[in-house]
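K.L.:
For reference, this is run_4.csv, and it has CSV, C-alpha atoms and all ligand atoms.
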chain,number,residue,atom,x,y,z
Z,1010,MET,CA,68.6,35.1,37.5
Z,1011,ASN,CA,69.0,37.6,40.2
Z,1012,VAL,CA,70.9,37.2,43.5
Z,1013,HIS,CA,70.8,39.1,46.8
Z,1014,GLU,CA,73.1,42.0,47.6
Z,1015,TYR,CA,75.0,39.9,50.1
Z,1016,GLN,CA,75.5,37.1,47.6
Z,1017,ALA,CA,76.7,39.6,45.0
Z,1018,LYS,CA,79.2,40.9,47.5
Z,1019,GLU,CA,80.3,37.4,48.3
Z,1020,ILE,CA,80.9,36.7,44.6
Z,1021,LEU,CA,82.7,40.0,44.1
Z,1022,GLY,CA,84.7,39.5,47.3
Z,1023,GLU,CA,86.3,36.5,45.7
Z,1024,PHE,CA,87.7,38.8,43.0
Z,1025,ALA,CA,89.3,40.8,45.8
Z,1026,LEU,CA,87.1,43.8,45.3
Z,1027,PRO,CA,86.8,46.2,48.3
Z,1028,ILE,CA,83.7,45.5,50.4
Z,1029,HIS,CA,82.8,46.4,54.0
Z,1030,LYS,CA,82.4,43.4,56.3
Z,1031,PHE,CA,78.9,42.2,56.9
Z,1032,VAL,CA,76.9,39.5,58.6
Z,1033,ILE,CA,73.5,38.1,57.6
Z,1034,VAL,CA,70.6,37.3,60.0
Z,1035,ARG,CA,67.6,35.2,59.2
Z,1036,ASP,CA,66.1,34.9,62.7
Z,1037,LYS,CA,65.6,37.5,65.5
Z,1038,LYS,CA,67.4,35.2,67.8
Z,1039,GLU,CA,70.6,35.5,65.7
Z,1040,ILE,CA,70.9,39.2,65.9
Z,1041,ASP,CA,72.9,39.7,69.2
Z,1042,ALA,CA,75.5,37.1,68.2
Z,1043,ALA,CA,75.7,38.6,64.7
Z,1044,ILE,CA,76.5,42.0,66.1
Z,1045,GLU,CA,79.1,40.5,68.4
Z,1046,LYS,CA,80.6,38.6,65.5
Z,1047,LEU,CA,80.8,41.8,63.4
Z,1048,GLY,CA,82.3,43.6,66.4
Z,1049,VAL,CA,80.7,46.9,65.8
Z,1050,ASP,CA,78.5,49.3,67.8
Z,1051,LYS,CA,77.3,51.2,64.8
Z,1052,ALA,CA,76.3,49.8,61.4
Z,1053,VAL,CA,74.0,50.0,58.4
Z,1054,VAL,CA,71.1,47.6,58.4
Z,1055,LYS,CA,69.7,46.5,55.1
Z,1056,VAL,CA,66.8,44.3,53.9
Z,1057,GLN,CA,67.9,41.7,51.4
Z,1058,VAL,CA,65.3,41.5,48.7
Z,1059,HIS,CA,65.5,41.2,44.9
Z,1060,ALA,CA,64.5,44.8,44.3
Z,1061,GLY,CA,66.3,48.1,44.1
Z,1062,GLY,CA,65.1,51.4,45.7
Z,1063,ARG,CA,65.3,49.9,49.2
Z,1064,GLY,CA,66.8,53.1,50.7
Z,1065,LYS,CA,63.8,55.2,49.8
Z,1066,ALA,CA,61.4,52.6,51.0
Z,1067,GLY,CA,62.8,52.3,54.5
Z,1068,GLY,CA,64.9,49.2,53.8
Z,1069,VAL,CA,68.3,50.7,54.5
Z,1070,LYS,CA,68.9,52.2,58.0
Z,1071,VAL,CA,71.9,53.7,59.6
Z,1072,ALA,CA,72.1,52.6,63.3
Z,1073,MET,CA,74.4,54.4,65.8
Z,1074,SER,CA,74.2,51.9,68.7
Z,1075,LYS,CA,73.9,48.2,69.2
Z,1076,GLU,CA,70.4,48.7,70.5
Z,1077,GLU,CA,69.5,50.6,67.3
Z,1078,ILE,CA,71.0,47.9,65.1
Z,1079,LYS,CA,69.0,45.3,66.8
Z,1080,GLN,CA,65.8,47.3,66.6
Z,1081,HIS,CA,66.2,47.9,62.8
Z,1082,ALA,CA,67.1,44.3,62.2
Z,1083,GLU,CA,64.1,43.0,64.2
Z,1084,SER,CA,61.7,45.2,62.4
Z,1085,MET,CA,63.1,44.4,58.9
Z,1086,LEU,CA,63.0,40.6,59.3
Z,1087,GLY,CA,59.7,39.4,57.8
Z,1088,MET,CA,58.7,42.8,56.6
Z,1089,LYS,CA,57.1,43.3,53.2
Z,1090,LEU,CA,59.0,46.0,51.3
Z,1091,VAL,CA,57.2,48.0,48.7
Z,1092,THR,CA,59.6,49.9,46.4
Z,1093,LYS,CA,59.1,51.4,43.0
Z,1094,GLN,CA,60.4,48.2,41.5
Z,1095,THR,CA,58.2,45.7,43.4
Z,1096,GLY,CA,54.7,46.7,42.5
Z,1097,GLU,CA,52.0,47.1,45.2
Z,1098,ALA,CA,52.3,43.5,46.4
Z,1099,GLY,CA,55.7,44.1,47.8
Z,1100,ILE,CA,58.4,41.6,48.4
Z,1101,THR,CA,59.2,39.7,51.6
Z,1102,CYS,CA,62.4,40.2,53.5
Z,1103,ASN,CA,63.7,37.0,55.0
Z,1104,GLU,CA,67.3,38.0,55.4
Z,1105,VAL,CA,68.9,41.2,56.8
Z,1106,MET,CA,72.4,42.4,56.3
Z,1107,ILE,CA,74.2,44.2,59.1
Z,1108,ALA,CA,77.3,45.9,57.7
Z,1109,GLU,CA,80.2,48.0,58.9
Z,1110,LEU,CA,79.1,51.6,58.6
Z,1111,ALA,CA,80.8,53.3,55.7
Z,1112,ASP,CA,82.0,56.9,56.0
Z,1113,ILE,CA,80.9,58.4,52.7
Z,1114,ALA,CA,82.7,61.4,51.1
Z,1115,LYS,CA,81.2,60.8,47.6
Z,1116,GLU,CA,78.9,58.4,45.8
Z,1117,TYR,CA,79.5,57.2,42.3
Z,1118,TYR,CA,77.8,54.8,39.9
Z,1119,PHE,CA,79.5,52.0,38.1
Z,1120,GLY,CA,77.7,49.4,36.1
Z,1121,ILE,CA,78.4,46.8,33.4
Z,1122,ILE,CA,75.6,45.4,31.2
Z,1123,ILE,CA,75.3,43.5,27.9
Z,1124,ASP,CA,74.6,46.0,25.2
Z,1125,ARG,CA,72.4,43.8,23.0
Z,1126,GLU,CA,72.3,46.2,20.1
Z,1127,HIS,CA,76.1,46.2,19.7
Z,1128,ALA,CA,76.6,42.7,21.2
Z,1129,CYS,CA,79.2,43.6,23.7
Z,1130,PRO,CA,79.6,44.4,27.4
Z,1131,LEU,CA,79.1,48.1,28.1
Z,1132,ILE,CA,80.5,49.9,31.2
Z,1133,MET,CA,78.5,52.9,32.5
Z,1134,SER,CA,80.3,55.2,34.9
Z,1135,SER,CA,79.0,58.4,36.6
Z,1136,GLN,CA,79.9,60.8,39.4
Z,1137,GLU,CA,76.2,61.0,40.1
Z,1138,GLY,CA,75.8,57.8,42.1
Z,1139,GLY,CA,73.4,57.1,44.8
Z,1140,MET,CA,69.7,56.5,44.5
Z,1141,ASP,CA,68.5,58.2,41.3
Z,1142,ILE,CA,70.6,57.0,38.4
Z,1143,GLU,CA,67.5,56.5,36.2
Z,1144,GLU,CA,66.8,60.2,36.5
Z,1145,VAL,CA,70.4,61.1,35.7
Z,1146,ALA,CA,70.2,59.0,32.6
Z,1147,GLU,CA,67.0,60.7,31.6
Z,1148,ALA,CA,67.7,64.3,32.5
Z,1149,SER,CA,71.5,64.6,31.9
Z,1150,PRO,CA,72.9,61.7,29.9
Z,1151,GLU,CA,76.2,63.5,29.4
Z,1152,LYS,CA,76.9,62.7,33.1
Z,1153,ILE,CA,77.2,59.0,32.3
Z,1154,LEU,CA,80.2,57.7,30.4
Z,1155,LYS,CA,79.6,54.7,28.2
Z,1156,THR,CA,82.5,52.4,27.5
Z,1157,ALA,CA,82.0,49.6,25.0
Z,1158,LEU,CA,84.2,46.5,25.4
Z,1159,THR,CA,85.1,43.9,22.8
Z,1160,PRO,CA,82.6,40.9,22.9
Z,1161,ASP,CA,85.2,38.9,24.9
Z,1162,GLY,CA,85.4,41.6,27.6
Z,1163,THR,CA,88.7,43.1,26.8
Z,1164,ILE,CA,89.2,46.6,28.2
Z,1165,THR,CA,92.1,48.7,27.0
Z,1166,ASP,CA,94.4,50.8,29.3
Z,1167,LYS,CA,93.2,53.9,27.4
Z,1168,GLN,CA,89.5,53.1,28.2
Z,1169,ILE,CA,90.4,52.6,31.9
Z,1170,LYS,CA,92.2,56.0,32.0
Z,1171,GLU,CA,89.1,57.6,30.4
Z,1172,ILE,CA,86.8,56.2,33.1
Z,1173,VAL,CA,89.3,57.2,35.9
Z,1174,GLN,CA,89.4,60.7,34.5
Z,1175,PHE,CA,85.7,60.9,34.0
Z,1176,MET,CA,85.2,59.9,37.7
Z,1177,GLY,CA,87.7,62.6,38.7
Z,1178,TRP,CA,90.0,60.2,40.5
Z,1179,ALA,CA,93.6,61.1,41.2
Z,1180,GLY,CA,96.5,59.8,43.2
Z,1181,HIS,CA,95.9,56.6,45.2
Z,1182,THR,CA,92.2,56.8,44.4
Z,1183,ALA,CA,93.0,56.6,40.7
Z,1184,GLU,CA,95.2,53.6,41.4
Z,1185,GLN,CA,92.5,51.8,43.3
Z,1186,GLY,CA,90.0,52.8,40.6
Z,1187,THR,CA,92.1,51.3,37.9
Z,1188,GLU,CA,92.4,48.0,39.8
Z,1189,MET,CA,88.8,48.0,40.6
Z,1190,ILE,CA,87.7,48.5,37.0
Z,1191,LYS,CA,89.9,45.6,35.8
Z,1192,LYS,CA,88.6,43.2,38.5
Z,1193,MET,CA,85.0,44.2,37.9
Z,1194,VAL,CA,85.3,43.4,34.2
Z,1195,THR,CA,87.0,40.1,35.0
Z,1196,ALA,CA,84.2,39.2,37.4
Z,1197,PHE,CA,81.5,40.2,35.0
Z,1198,MET,CA,82.9,37.9,32.3
Z,1199,LYS,CA,83.7,35.0,34.7
Z,1200,ILE,CA,80.3,34.8,36.1
Z,1201,ASP,CA,78.4,35.2,32.8
Z,1202,GLY,CA,76.8,38.4,34.1
Z,1203,SER,CA,74.1,40.2,32.3
Z,1204,ILE,CA,74.1,43.0,34.9
Z,1205,LEU,CA,76.7,44.1,37.4
Z,1206,GLU,CA,75.7,47.3,39.1
Z,1207,ILE,CA,77.5,49.1,41.9
Z,1208,ASN,CA,75.3,52.0,43.1
Z,1209,PRO,CA,76.8,53.5,45.0
Z,1210,LEU,CA,80.5,52.9,44.6
Z,1211,ILE,CA,81.8,55.2,47.3
Z,1212,GLU,CA,84.9,57.1,48.2
Z,1213,ASP,CA,85.7,57.6,51.9
Z,1214,PRO,CA,87.2,60.8,53.3
Z,1215,ASP,CA,90.7,59.3,52.8
Z,1216,GLY,CA,90.1,58.7,49.1
Z,1217,ASN,CA,89.6,54.9,49.3
Z,1218,LEU,CA,87.0,53.2,47.1
Z,1219,TYR,CA,84.4,50.6,48.3
Z,1220,LEU,CA,81.5,48.8,46.7
Z,1221,LEU,CA,78.6,49.9,49.0
Z,1222,ASP,CA,75.7,48.2,47.1
Z,1223,ALA,CA,75.9,45.5,44.5
Z,1224,LYS,CA,73.4,44.0,42.1
Z,1225,ILE,CA,74.2,41.0,39.9
Z,1226,SER,CA,72.1,39.3,37.3
Z,1227,ILE,CA,73.3,36.1,35.6
Z,1228,ASP,CA,72.4,35.0,32.1
Z,1229,ASP,CA,70.0,32.2,32.7
Z,1230,SER,CA,71.4,30.3,29.7
Z,1231,ALA,CA,74.8,30.1,31.5
Z,1232,LEU,CA,73.5,28.9,34.8
Z,1233,TYR,CA,74.5,25.3,33.9
Z,1234,ARG,CA,78.1,26.3,34.1
Z,1235,GLN,CA,77.7,28.5,37.2
Z,1236,PRO,CA,76.5,25.9,39.7
Z,1237,GLU,CA,77.5,28.0,42.7
Z,1238,ILE,CA,75.5,30.9,41.5
Z,1239,ALA,CA,72.6,28.7,40.4
Z,1240,ALA,CA,72.4,27.4,44.0
Z,1241,MET,CA,71.7,31.0,45.1
Z,1242,TYR,CA,68.2,30.9,43.5
Z,1243,ASP,CA,65.7,32.2,46.0
Z,1244,PRO,CA,62.1,31.4,45.1
Z,1245,SER,CA,60.8,33.5,48.0
Z,1246,GLN,CA,61.7,36.6,45.9
Z,1247,GLU,CA,59.7,35.6,42.8
Z,1248,SER,CA,56.0,35.5,42.0
Z,1249,PRO,CA,54.3,32.2,42.2
Z,1250,ALA,CA,54.1,32.1,38.4
Z,1251,GLU,CA,57.8,32.6,38.1
Z,1252,VAL,CA,58.6,29.9,40.6
Z,1253,GLU,CA,56.3,27.4,38.8
Z,1254,ALA,CA,57.9,28.3,35.4
Z,1255,HIS,CA,61.4,27.9,36.9
Z,1256,LYS,CA,60.5,24.4,38.2
Z,1257,LEU,CA,59.3,23.3,34.7
Z,1258,ASP,CA,62.3,25.0,33.0
Z,1259,LEU,CA,60.1,27.4,31.1
Z,1260,ALA,CA,61.0,31.0,30.5
Z,1261,TYR,CA,58.4,33.3,31.9
Z,1262,VAL,CA,58.3,37.1,31.8
Z,1263,ALA,CA,55.7,39.1,33.6
Z,1264,MET,CA,54.5,42.4,32.1
Z,1265,GLU,CA,51.9,45.0,32.7
Z,1266,GLY,CA,49.2,44.4,30.1
Z,1267,ASN,CA,46.3,42.0,29.8
Z,1268,ILE,CA,47.1,39.5,27.0
Z,1269,GLY,CA,48.8,36.3,28.1
Z,1270,CYS,CA,51.1,34.9,25.5
Z,1271,MET,CA,52.4,31.4,24.9
Z,1272,VAL,CA,55.2,31.2,22.3
Z,1273,ASN,CA,58.2,29.2,21.4
Z,1274,GLY,CA,61.5,30.9,21.2
Z,1275,ALA,CA,62.7,34.4,22.4
Z,1276,GLY,CA,62.7,35.8,18.9
Z,1277,LEU,CA,59.0,34.9,18.4
Z,1278,ALA,CA,58.2,36.4,21.8
Z,1279,MET,CA,59.7,39.7,20.7
Z,1280,ALA,CA,57.9,39.7,17.4
Z,1281,THR,CA,54.6,38.8,19.1
Z,1282,MET,CA,55.0,41.6,21.6
Z,1283,ASP,CA,55.8,44.1,18.8
Z,1284,ILE,CA,52.7,43.1,16.8
Z,1285,ILE,CA,50.4,43.1,19.8
Z,1286,GLY,CA,51.6,46.6,20.4
Z,1287,GLU,CA,51.1,47.6,16.8
Z,1288,LYS,CA,47.5,46.4,17.0
Z,1289,GLY,CA,46.9,48.5,20.2
Z,1290,GLY,CA,47.2,45.8,22.9
Z,1291,THR,CA,49.7,45.0,25.7
Z,1292,PRO,CA,51.0,41.6,26.8
Z,1293,ALA,CA,50.4,40.6,30.4
Z,1294,ASN,CA,53.2,38.0,30.2
Z,1295,PHE,CA,55.2,35.7,28.0
Z,1296,LEU,CA,55.7,32.1,28.4
Z,1297,ASP,CA,58.2,30.5,26.2
Z,1298,VAL,CA,57.6,26.7,26.0
Z,1299,GLY,CA,60.8,26.2,24.2
Z,1300,GLY,CA,61.6,23.6,21.6
Z,1301,SER,CA,60.7,20.4,23.3
Z,1302,ALA,CA,57.5,20.9,25.2
Z,1303,THR,CA,55.2,17.9,25.9
Z,1304,LYS,CA,51.4,18.0,26.1
Z,1305,GLU,CA,51.7,18.1,29.9
Z,1306,LYS,CA,54.1,21.1,29.8
Z,1307,VAL,CA,51.7,23.0,27.6
Z,1308,VAL,CA,48.9,22.3,30.1
Z,1309,GLU,CA,51.1,23.6,32.9
Z,1310,SER,CA,52.1,26.6,30.8
Z,1311,PHE,CA,48.4,27.5,30.5
Z,1312,LYS,CA,47.9,27.4,34.2
Z,1313,ILE,CA,50.9,29.6,34.8
Z,1314,ILE,CA,49.6,32.2,32.3
Z,1315,LEU,CA,46.2,32.1,33.8
Z,1316,SER,CA,47.5,32.5,37.4
Z,1317,ASP,CA,48.0,36.1,36.6
Z,1318,PRO,CA,44.6,37.8,37.3
Z,1319,LYS,CA,45.4,40.6,34.8
Z,1320,VAL,CA,45.1,38.1,31.9
Z,1321,LYS,CA,41.9,38.8,29.9
Z,1322,GLY,CA,42.8,36.8,26.8
Z,1323,ILE,CA,45.4,34.4,25.6
Z,1324,LEU,CA,47.3,34.3,22.4
Z,1325,VAL,CA,49.1,31.1,21.4
Z,1326,ASN,CA,51.7,31.8,18.7
Z,1327,ILE,CA,53.7,28.7,17.8
Z,1328,PHE,CA,56.1,28.2,15.0
Z,1329,GLY,CA,56.5,24.4,14.9
Z,1330,GLY,CA,60.0,23.4,14.0
Z,1331,ILE,CA,61.3,20.8,16.5
Z,1332,MET,CA,58.2,21.5,18.4
Z,1333,LYS,CA,55.3,20.0,16.5
Z,1334,CYS,CA,52.0,21.8,16.0
Z,1335,ASP,CA,49.9,18.7,16.8
Z,1336,ILE,CA,51.6,18.3,20.2
Z,1337,ILE,CA,50.9,22.0,21.0
Z,1338,ALA,CA,47.3,21.5,19.8
Z,1339,GLU,CA,46.8,18.5,22.0
Z,1340,GLY,CA,48.2,20.5,24.9
Z,1341,VAL,CA,45.9,23.5,24.2
Z,1342,VAL,CA,42.8,21.3,24.0
Z,1343,ALA,CA,43.7,19.4,27.2
Z,1344,ALA,CA,44.4,22.7,29.0
Z,1345,VAL,CA,41.2,24.4,27.9
Z,1346,LYS,CA,39.2,21.5,29.2
Z,1347,GLU,CA,41.2,21.2,32.4
Z,1348,VAL,CA,41.3,24.8,33.5
Z,1349,HIS,CA,37.7,25.5,32.3
Z,1350,LEU,CA,39.1,28.4,30.3
Z,1351,LYS,CA,36.8,31.5,30.6
Z,1352,VAL,CA,38.9,34.1,28.7
Z,1353,PRO,CA,39.1,34.2,24.9
Z,1354,LEU,CA,41.8,32.2,23.2
Z,1355,VAL,CA,43.4,32.9,19.8
Z,1356,VAL,CA,45.7,30.2,18.3
Z,1357,ARG,CA,48.1,30.7,15.5
Z,1358,LEU,CA,50.0,27.6,14.5
Z,1359,GLU,CA,52.5,27.3,11.7
Z,1360,GLY,CA,55.1,24.8,10.7
Z,1361,THR,CA,55.6,21.0,11.3
Z,1362,ASN,CA,52.4,19.0,11.4
Z,1363,VAL,CA,50.3,22.2,11.2
Z,1364,GLU,CA,47.3,20.5,9.4
Z,1365,GLU,CA,47.1,17.8,12.1
Z,1366,GLY,CA,47.3,20.5,14.8
Z,1367,LYS,CA,44.5,22.6,13.3
Z,1368,LYS,CA,42.4,19.5,12.9
Z,1369,ILE,CA,42.8,18.5,16.6
Z,1370,ILE,CA,41.6,22.0,17.6
Z,1371,THR,CA,38.6,22.0,15.2
Z,1372,ASP,CA,37.6,18.5,16.1
Z,1373,SER,CA,37.6,19.3,19.8
Z,1374,GLY,CA,34.6,21.5,19.4
Z,1375,LEU,CA,36.0,24.0,21.9
Z,1376,LYS,CA,35.7,27.7,21.4
Z,1377,VAL,CA,39.1,28.5,20.0
Z,1378,ILE,CA,39.6,31.4,17.6
Z,1379,ALA,CA,41.9,30.3,14.8
Z,1380,ALA,CA,44.2,32.9,13.1
Z,1381,VAL,CA,46.0,32.6,9.8
Z,1382,ASP,CA,49.1,34.6,10.6
Z,1383,LEU,CA,50.6,36.6,13.4
Z,1384,GLY,CA,49.1,39.9,12.3
Z,1385,ASP,CA,45.7,38.3,12.2
Z,1386,ALA,CA,46.2,36.6,15.6
Z,1387,ALA,CA,47.2,39.8,17.3
Z,1388,GLU,CA,44.3,41.7,15.8
Z,1389,LYS,CA,41.8,39.1,16.9
Z,1390,ILE,CA,43.1,38.8,20.5
Z,1391,VAL,CA,43.2,42.6,20.9
Z,1392,LEU,CA,39.6,42.9,19.7
Z,1393,GLU,CA,38.5,40.1,22.0
Z,1394,VAL,CA,40.1,41.6,25.0
Z,1395,GLU,CA,38.8,45.1,24.3
Z,1396,GLY,CA,35.3,43.7,23.8
Z,1397,ALA,CA,35.5,41.9,27.2
G,1401,LIG,P1,69.2,50.8,47.5
G,1401,LIG,O1,68.4,52.0,47.9
G,1401,LIG,O2,68.4,49.6,47.4
G,1401,LIG,O3,69.9,51.1,46.2
G,1401,LIG,O4,70.3,50.6,48.7
G,1401,LIG,P2,71.8,51.1,48.9
G,1401,LIG,O5,72.5,50.0,49.5
G,1401,LIG,O6,72.3,51.7,47.6
G,1401,LIG,O7,71.6,52.2,50.0
G,1401,LIG,C1,70.9,53.4,49.8
G,1401,LIG,C2,71.7,54.6,50.3
G,1401,LIG,O8,71.9,54.4,51.7
G,1401,LIG,C3,73.1,54.8,49.8
G,1401,LIG,O9,73.1,55.5,48.5
G,1401,LIG,C4,73.8,55.5,50.9
G,1401,LIG,O10,73.5,56.9,50.7
G,1401,LIG,C5,73.1,55.1,52.1
G,1401,LIG,N1,73.9,54.1,52.8
G,1401,LIG,C6,74.0,52.8,52.5
G,1401,LIG,N2,75.0,52.2,53.3
G,1401,LIG,C7,75.6,53.2,54.0
G,1401,LIG,C8,76.6,53.3,55.0
G,1401,LIG,O11,77.3,52.3,55.3
G,1401,LIG,N3,76.9,54.5,55.5
G,1401,LIG,C9,76.2,55.6,55.2
G,1401,LIG,N4,76.5,56.8,55.7
G,1401,LIG,N5,75.2,55.6,54.3
G,1401,LIG,C10,74.9,54.4,53.7
G,1402,MN,MN,71.8,51.1,45.6
What is this structure when it is put down as structure tokens?

P.N.:
Amino acid sequence: MNVHEYQAKEILGEFALPIHKFVIVRDKKEIDAAIEKLGVDKAVVKVQVHAGGRGKAGGVKVAMSKEEIKQHAESMLGMKLVTKQTGEAGITCNEVMIAELADIAKEYYFGIIIDREHACPLIMSSQEGGMDIEEVAEASPEKILKTALTPDGTITDKQIKEIVQFMGWAGHTAEQGTEMIKKMVTAFMKIDGSILEINPLIEDPDGNLYLLDAKISIDDSALYRQPEIAAMYDPSQESPAEVEAHKLDLAYVAMEGNIGCMVNGAGLAMATMDIIGEKGGTPANFLDVGGSATKEKVVESFKIILSDPKVKGILVNIFGGIMKCDIIAEGVVAAVKEVHLKVPLVVRLEGTNVEEGKKIITDSGLKVIAAVDLGDAAEKIVLEVEGA
């Protein structure tokens, strides 16, 4: 789950990390009072949306007078921001941050992610902070230092020194940097983070470090023990399909292709994606119905998958363990009838009650293409979609 920049800063502020003061406005009527409360006559005004690249899209403005602060805040409230991360539809800004203006001498990058390959938190540090870190990673990867931590998030003094040196920090900046790195790692572990990204981390002309921008993503599986963060969930920042999936406690991932996929389990989702790719297709989305879906949930899942207009065909790939194939089959049949399915549907079932499941589908008389295994299923749906 993602949170807004201001929420990330509130979270990180609790770990005593250095952040400029800010206020949030949600209504044009609140702007004057907010400026008074912050006590500034120049500020940076920033749209709060779940997307990066705001600066380049006009979502971050420096204002040199109260009047200017107000103008920017007014024009940002309710605006639809289109950045390279949002797609054409854009994303609505319902909240605006007004923050003390930072005096920037240098912009750095500092991020922590989970490195899935090595199963550990990984710190990435760079002197090339600001708005184009993806390009830095691509064009000059040597400018990014990668520091792998132990799975429990332990960082050694030696590793901290390496980062401080790589950033070129000396004197009191090095001291602040050392503290900051420790706190950042502690925060990342405490909040069950999957991403903590500070871009930019800045140094002011006096050599003091501040977190100027902050992005946090939390591992969804850990939200049950992060109730304060779970409460920050903002459906206005998600697609209707994501909101619906969230309500039903289904894992939904939107992608760029045209094959809608219903699977159970993240591993099977990965395998399905790989094999679709191998057969020359691309998934439009993945919906993981999990291990305990009911017939009704399967019907709702179908509706979510179909709400994406890019979907030109559906692949159902279920390995029945706890989830029984006959339940899935009943759900599929009910869904096909209810939504008057117009796109081709390929179903591959395997596992518990598979024979009952297949019989339910055959007996329904509906046009469902059966597949014997995953390779066969992927091949069939790719053919169907291409022929469409
Ligand atoms: P993003 O584009 O969504 O990543 O938004 P950021 O919060 O990172 O802001 C983009 C850029 O705006 C930063 O890299 C800075 O160069 C600039 N910026 C943001 N806040 C301030 C500020 O307080 N003072 C100054 N001078 N520039 C700022
Ligand atoms: Mn940024």

K.L.:
Of the candidates Z:Leu1131, Z:Val1377, Z:Met1140, Z:Ile1169, which one gets nearest to ligand LIG 1401 (chain G) if we count all atoms listed in the file?

P.N.:
Z:Met1140

K.L.:
Taking all atoms listed in the file into account, name the residue in Z:Ser1203, Z:Asn1208, Z:Asn1103, Z:Thr1303 that is nearest to Leu1232 of chain Z.

P.N.:
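Of Z:Ser1203, Z:Asn1208, Z:Asn1103, Z:Thr1303, the one nearest Leu1232 of chain Z is Z:Ser1203, counting all atoms listed in the file.
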
K.L.:
Just give me the gap between atom CA of Glu1171 of chain Z and atom CA of Gly1062 of chain Z in Å, one decimal is fine.

P.N.:
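Value for the atom CA of Glu1171 of chain Z-atom CA of Gly1062 of chain Z distance: 29.1 Å.
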
K.L.:
Throw together the list of residues within 9 Å of ligand MN 1402 (chain G), counting only C-alpha atoms and all ligand atoms, and drop it here as a list in words.

P.N.:
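The residues near ligand MN 1402 (chain G) are Gly1061, Gly1062, Arg1063, Gly1064, Gly1138, Gly1139, Met1140, Asp1141, Glu1206, Ile1207, Asn1208, Pro1209, Leu1210, Leu1221, Asp1222, Ala1223 and Lys1224 of chain Z.
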
K.L.:
At a cut-off of 8 Å, using all atoms listed in the file, what residues contact segment 1239-1247 of chain Z? Leave out same-chain residues fewer than 6 positions from it and give the result as a PyMOL selection string.

P.N.:
chain Z and resi 1010-1012+1016+1058-1059+1100-1101+1232-1233
